[in-house]
Amino acid sequence: MSGDTITTPHERPVTPSRAARDLGLRRSDLDLAVHLGLIRTVPDEGGGGGRRVTRSELDRVRSAEGFPDSLLARVEVVGTAEAARLLDVPAGRFTRLARLGLVVPTKWYLNRYRAVVWLYLAEELSRFAADEESVSLLNARRMPEGPRALLDAGVDLRPRNWRGRHRGFLLRQADGPWEKAGAFAAFLDPAEIGEAVPDPYERSHLNRFRPGPPVTSAPGSPAAHIAEQLMTADDADEVALLRTELTALVREAREERPAPRPTPRRAPVAPRPLAPPPRGPKAPRGLLGRLRRRPAVATTP
């Protein structure tokens, strides 16, 4: 019976790097496939805190029709110039469409000038171009008056739309209410989290499950500051939504698995006073006492 419950090395989940090699993919392609929910992962039970891919999931992905080309087509990303060519519009027109939220970026990076470069899924752009409602926006000589007024007012929904997509990724990876709460807290300023979660022990526990920006930079560097800005919600409606969800999830997490708290220290018990040593018989007072304390006088017969 014991042999039925032992996991053989072949059955153990593998690291993302190993999964990418086994599937013949670049690591960035596998990461994006996981991000989009195309490849499922499980928590690393070895205590590393990361994610792994099961052998059965690798078999499922390999057995899909058209693999690997079909998978690579779904994770192909392009920048602004290539996206504009796919839609057959000038790059400036595409940027305006992205700022209006009509196409949603799937990831971003900082170039050597610390400028944000947005990347888009080629598959989604193709669907957008084929949509009849997009034809007027793509082919019109000028933007319609309503969208043009929004652009003139400085609207740029690319960061918010990316945050919404990234939040979906984090929630797919969450395995419990604290993890889900952390996925919402990841996009809130610490001051907002403090108001939504006033208990300091719950807030400290929540921070363990609060992911940082996907771009790793040295703490305090300009790149880290930009990543933090992109990760943090700045629209009142978005902040309100995140806070509402965070409050509800922390309430749920509190009921299921309360945040750890320090064990209260017991007050030291005062030592009991020692009993006084026993006393001898008291000497009688008055004349009788003085007579008894006098030394005996020898008398002659």
# chains A, B, ... in the order shown; residues from 1 in each chain; ligands from 1
$ select_by_dssp --residues "stretch 49-166 of chain A" --states "alpha helix (DSSP H)" --output "VMD selection string"
chain A and resid 55 to 62 69 to 74 80 to 87 91 to 99 122 to 130 135 to 139 145 to 152 158 to 166
$ closest_atom_pairs --of "stretch 58-94 of chain A" --to "stretch 100-111 of chain A" --cutoff "10 Å" --atoms "only C-alpha atoms" --output "Markdown table"
| residue | atom | partner | partner_atom | distance |
| --- | --- | --- | --- | --- |
| A:Val75 | CA | A:Thr106 | CA | 9.8 |
| A:Val77 | CA | A:Thr106 | CA | 8.1 |
| A:Val78 | CA | A:Pro105 | CA | 9.6 |
| A:Gly79 | CA | A:Trp108 | CA | 9.3 |
| A:Phe94 | CA | A:Val103 | CA | 8.8 |
$ write_last_selection --atoms "N, CA, C and O atoms" --output "short mmCIF file (atom, residue, chain, number, x, y, z; two decimals), in the first residue's frame"
data_model
loop_
_atom_site.label_atom_id
_atom_site.label_comp_id
_atom_site.auth_asym_id
_atom_site.auth_seq_id
_atom_site.Cartn_x
_atom_site.Cartn_y
_atom_site.Cartn_z
N VAL A 75 0.99 33.34 -27.64
CA VAL A 75 1.80 34.14 -26.70
C VAL A 75 2.69 35.14 -27.44
O VAL A 75 3.54 35.78 -26.83
N VAL A 77 3.93 38.48 -28.73
CA VAL A 77 3.69 39.87 -28.33
C VAL A 77 4.44 40.80 -29.27
O VAL A 77 5.50 40.45 -29.81
N VAL A 78 3.88 41.98 -29.45
CA VAL A 78 4.49 42.97 -30.34
C VAL A 78 4.45 44.34 -29.67
O VAL A 78 3.59 44.60 -28.82
N GLY A 79 5.37 45.19 -30.08
CA GLY A 79 5.38 46.56 -29.60
C GLY A 79 4.52 47.45 -30.47
O GLY A 79 3.79 46.99 -31.36
N PHE A 94 -2.37 54.05 -33.52
CA PHE A 94 -2.43 52.90 -32.62
C PHE A 94 -2.24 53.32 -31.16
O PHE A 94 -2.94 52.84 -30.27
#
$ closest_residue --among "A:Thr216, A:Ala149, A:Arg243, A:Asp156" --to "A:Glu195" --atoms "only C-alpha atoms"
A:Arg243
$ closest_residue --among "A:Gly66, A:Pro177, A:Pro159, A:Pro144" --to "A:Glu252" --atoms "only C-alpha atoms"
A:Pro177
$ residues_around --residues "A:Val42" --least-positions-apart "4" --cutoff "12 Å" --atoms "only C-alpha atoms" --output "list in words"
Arg12, Pro13, Val14, Thr15, Pro16, Val34, Gly46, Gly49, Gly50, Arg51, Arg52, Val53, Thr54, Arg55, Ser56, Glu57, Arg172, Gln173, Ala174 and Asp175 of chain A
$ residues_around --residues "A:Ile39" --least-positions-apart "6" --cutoff "9 Å" --atoms "only C-alpha atoms" --output "mmCIF file with N, CA and C atoms, in the first residue's frame"
data_model
loop_
_atom_site.group_PDB
_atom_site.id
_atom_site.type_symbol
_atom_site.label_atom_id
_atom_site.label_comp_id
_atom_site.auth_asym_id
_atom_site.auth_seq_id
_atom_site.Cartn_x
_atom_site.Cartn_y
_atom_site.Cartn_z
ATOM 1 N N LEU A 30 6.992 30.588 -21.938
ATOM 2 C CA LEU A 30 6.302 29.785 -20.937
ATOM 3 C C LEU A 30 5.715 30.669 -19.850
ATOM 4 N N ASP A 31 6.470 31.668 -19.396
ATOM 5 C CA ASP A 31 5.964 32.563 -18.352
ATOM 6 C C ASP A 31 4.698 33.272 -18.798
ATOM 7 N N ALA A 33 2.603 32.205 -21.110
ATOM 8 C CA ALA A 33 1.543 31.199 -21.213
ATOM 9 C C ALA A 33 0.933 30.920 -19.846
ATOM 10 N N VAL A 53 5.268 22.985 -12.525
ATOM 11 C CA VAL A 53 4.380 22.445 -13.551
ATOM 12 C C VAL A 53 4.382 20.929 -13.416
ATOM 13 N N GLU A 57 0.402 18.061 -16.772
ATOM 14 C CA GLU A 57 0.137 19.311 -17.486
ATOM 15 C C GLU A 57 1.052 19.446 -18.702
ATOM 16 N N LEU A 58 2.313 19.023 -18.553
ATOM 17 C CA LEU A 58 3.221 19.043 -19.707
ATOM 18 C C LEU A 58 2.695 18.136 -20.815
ATOM 19 N N VAL A 61 -0.252 19.852 -22.591
ATOM 20 C CA VAL A 61 0.160 20.925 -23.500
ATOM 21 C C VAL A 61 0.771 20.337 -24.763
#
$ atom_distance --atom1 "atom CA of A:Leu246" --atom2 "atom CA of A:Gly182"
8.0 Å
$ residues_around --residues "A:Ala227" --least-positions-apart "4" --cutoff "8 Å" --atoms "only C-alpha atoms" --output "list in words"
Pro213, Val215, Ala223 and Met231 of chain A
$ select_by_dssp --residues "stretch 51-133 of chain A" --states "strand (DSSP E)" --output "number ranges by chain"
A: 51-52, 77-78, 107-110, 116-121
$ write_last_selection --atoms "all heavy atoms" --output "tab-separated table (two decimals), in the first residue's frame"
chain	number	residue	atom	x	y	z
A	51	ARG	N	6.35	28.33	-8.04
A	51	ARG	CA	5.35	27.51	-8.70
A	51	ARG	C	6.05	26.46	-9.55
A	51	ARG	O	7.19	26.64	-9.98
A	51	ARG	CB	4.45	28.37	-9.59
A	51	ARG	CG	3.85	29.58	-8.95
A	51	ARG	CD	2.71	29.27	-8.04
A	51	ARG	NE	1.59	28.62	-8.70
A	51	ARG	CZ	0.42	28.37	-8.10
A	51	ARG	NH1	0.27	28.70	-6.83
A	51	ARG	NH2	-0.56	27.77	-8.74
A	52	ARG	N	5.36	25.36	-9.78
A	52	ARG	CA	5.89	24.28	-10.60
A	52	ARG	C	4.83	23.79	-11.58
A	52	ARG	O	3.66	24.14	-11.45
A	52	ARG	CB	6.40	23.12	-9.73
A	52	ARG	CG	7.69	23.48	-8.96
A	52	ARG	CD	8.16	22.34	-8.09
A	52	ARG	NE	9.45	22.65	-7.48
A	52	ARG	CZ	10.61	22.09	-7.82
A	52	ARG	NH1	10.63	21.15	-8.76
A	52	ARG	NH2	11.72	22.43	-7.22
A	77	VAL	N	3.93	38.48	-28.73
A	77	VAL	CA	3.69	39.87	-28.33
A	77	VAL	C	4.44	40.80	-29.27
A	77	VAL	O	5.50	40.45	-29.81
A	77	VAL	CB	4.11	40.13	-26.86
A	77	VAL	CG1	3.22	39.37	-25.90
A	77	VAL	CG2	5.57	39.77	-26.64
A	78	VAL	N	3.88	41.98	-29.45
A	78	VAL	CA	4.49	42.97	-30.34
A	78	VAL	C	4.45	44.34	-29.67
A	78	VAL	O	3.59	44.60	-28.82
A	78	VAL	CB	3.75	43.03	-31.70
A	78	VAL	CG1	3.92	41.72	-32.46
A	78	VAL	CG2	2.28	43.36	-31.50
A	107	LYS	N	2.00	43.10	-21.19
A	107	LYS	CA	3.21	43.22	-20.38
A	107	LYS	C	3.94	44.50	-20.77
A	107	LYS	O	3.55	45.19	-21.73
A	107	LYS	CB	4.12	42.00	-20.55
A	107	LYS	CG	4.56	41.76	-21.98
A	107	LYS	CD	5.20	40.38	-22.18
A	107	LYS	CE	6.44	40.18	-21.34
A	107	LYS	NZ	7.15	38.91	-21.67
A	108	TRP	N	5.01	44.81	-20.05
A	108	TRP	CA	5.78	46.02	-20.35
A	108	TRP	C	7.20	45.82	-19.85
A	108	TRP	O	7.50	44.92	-19.07
A	108	TRP	CB	5.16	47.25	-19.69
A	108	TRP	CG	5.02	47.14	-18.18
A	108	TRP	CD1	3.93	46.66	-17.51
A	108	TRP	CD2	5.98	47.50	-17.20
A	108	TRP	NE1	4.16	46.69	-16.15
A	108	TRP	CE2	5.41	47.20	-15.93
A	108	TRP	CE3	7.25	48.04	-17.24
A	108	TRP	CZ2	6.09	47.43	-14.73
A	108	TRP	CZ3	7.93	48.27	-16.05
A	108	TRP	CH2	7.35	47.97	-14.81
A	109	TYR	N	8.07	46.67	-20.33
A	109	TYR	CA	9.44	46.69	-19.82
A	109	TYR	C	9.97	48.10	-19.95
A	109	TYR	O	9.37	48.95	-20.62
A	109	TYR	CB	10.33	45.68	-20.57
A	109	TYR	CG	10.61	46.03	-22.02
A	109	TYR	CD1	11.73	46.79	-22.38
A	109	TYR	CD2	9.75	45.59	-23.03
A	109	TYR	CE1	11.98	47.11	-23.70
A	109	TYR	CE2	10.00	45.90	-24.35
A	109	TYR	CZ	11.12	46.66	-24.68
A	109	TYR	OH	11.37	46.98	-25.99
A	110	LEU	N	11.09	48.36	-19.29
A	110	LEU	CA	11.73	49.67	-19.36
A	110	LEU	C	12.92	49.58	-20.29
A	110	LEU	O	13.78	48.70	-20.14
A	110	LEU	CB	12.19	50.12	-17.96
A	110	LEU	CG	11.09	50.30	-16.91
A	110	LEU	CD1	11.70	50.67	-15.56
A	110	LEU	CD2	10.10	51.37	-17.35
A	116	VAL	N	8.72	53.46	-20.57
A	116	VAL	CA	7.89	52.27	-20.53
A	116	VAL	C	7.55	51.85	-21.96
A	116	VAL	O	7.05	52.65	-22.76
A	116	VAL	CB	6.59	52.53	-19.74
A	116	VAL	CG1	5.70	51.28	-19.75
A	116	VAL	CG2	6.92	52.94	-18.31
A	117	VAL	N	7.83	50.59	-22.27
A	117	VAL	CA	7.50	50.02	-23.57
A	117	VAL	C	6.39	49.00	-23.35
A	117	VAL	O	6.58	48.00	-22.66
A	117	VAL	CB	8.72	49.34	-24.22
A	117	VAL	CG1	8.34	48.72	-25.56
A	117	VAL	CG2	9.86	50.34	-24.40
A	118	TRP	N	5.22	49.27	-23.91
A	118	TRP	CA	4.07	48.38	-23.77
A	118	TRP	C	4.09	47.33	-24.86
A	118	TRP	O	4.43	47.61	-26.02
A	118	TRP	CB	2.76	49.17	-23.84
A	118	TRP	CG	2.59	50.17	-22.75
A	118	TRP	CD1	2.76	51.52	-22.83
A	118	TRP	CD2	2.21	49.91	-21.39
A	118	TRP	NE1	2.51	52.12	-21.62
A	118	TRP	CE2	2.16	51.15	-20.71
A	118	TRP	CE3	1.90	48.74	-20.69
A	118	TRP	CZ2	1.82	51.25	-19.37
A	118	TRP	CZ3	1.56	48.84	-19.34
A	118	TRP	CH2	1.53	50.08	-18.70
A	119	LEU	N	3.69	46.10	-24.49
A	119	LEU	CA	3.63	45.00	-25.44
A	119	LEU	C	2.21	44.44	-25.48
A	119	LEU	O	1.52	44.38	-24.45
A	119	LEU	CB	4.61	43.89	-25.04
A	119	LEU	CG	6.10	44.29	-25.03
A	119	LEU	CD1	6.95	43.15	-24.50
A	119	LEU	CD2	6.57	44.71	-26.42
A	120	TYR	N	1.78	44.02	-26.68
A	120	TYR	CA	0.41	43.59	-26.90
A	120	TYR	C	0.40	42.21	-27.54
A	120	TYR	O	1.32	41.84	-28.28
A	120	TYR	CB	-0.31	44.59	-27.83
A	120	TYR	CG	-0.25	46.01	-27.33
A	120	TYR	CD1	0.86	46.82	-27.61
A	120	TYR	CD2	-1.28	46.55	-26.58
A	120	TYR	CE1	0.93	48.12	-27.15
A	120	TYR	CE2	-1.22	47.86	-26.11
A	120	TYR	CZ	-0.11	48.64	-26.38
A	120	TYR	OH	-0.03	49.93	-25.92
A	121	LEU	N	-0.65	41.46	-27.26
A	121	LEU	CA	-0.79	40.13	-27.86
A	121	LEU	C	-1.19	40.28	-29.32
A	121	LEU	O	-2.20	40.93	-29.64
A	121	LEU	CB	-1.85	39.32	-27.11
A	121	LEU	CG	-1.45	38.78	-25.74
A	121	LEU	CD1	-2.65	38.16	-25.05
A	121	LEU	CD2	-0.32	37.75	-25.87
$ atom_distance --atom1 "atom CA of A:Glu256" --atom2 "atom CA of A:Val239"
25.6 Å
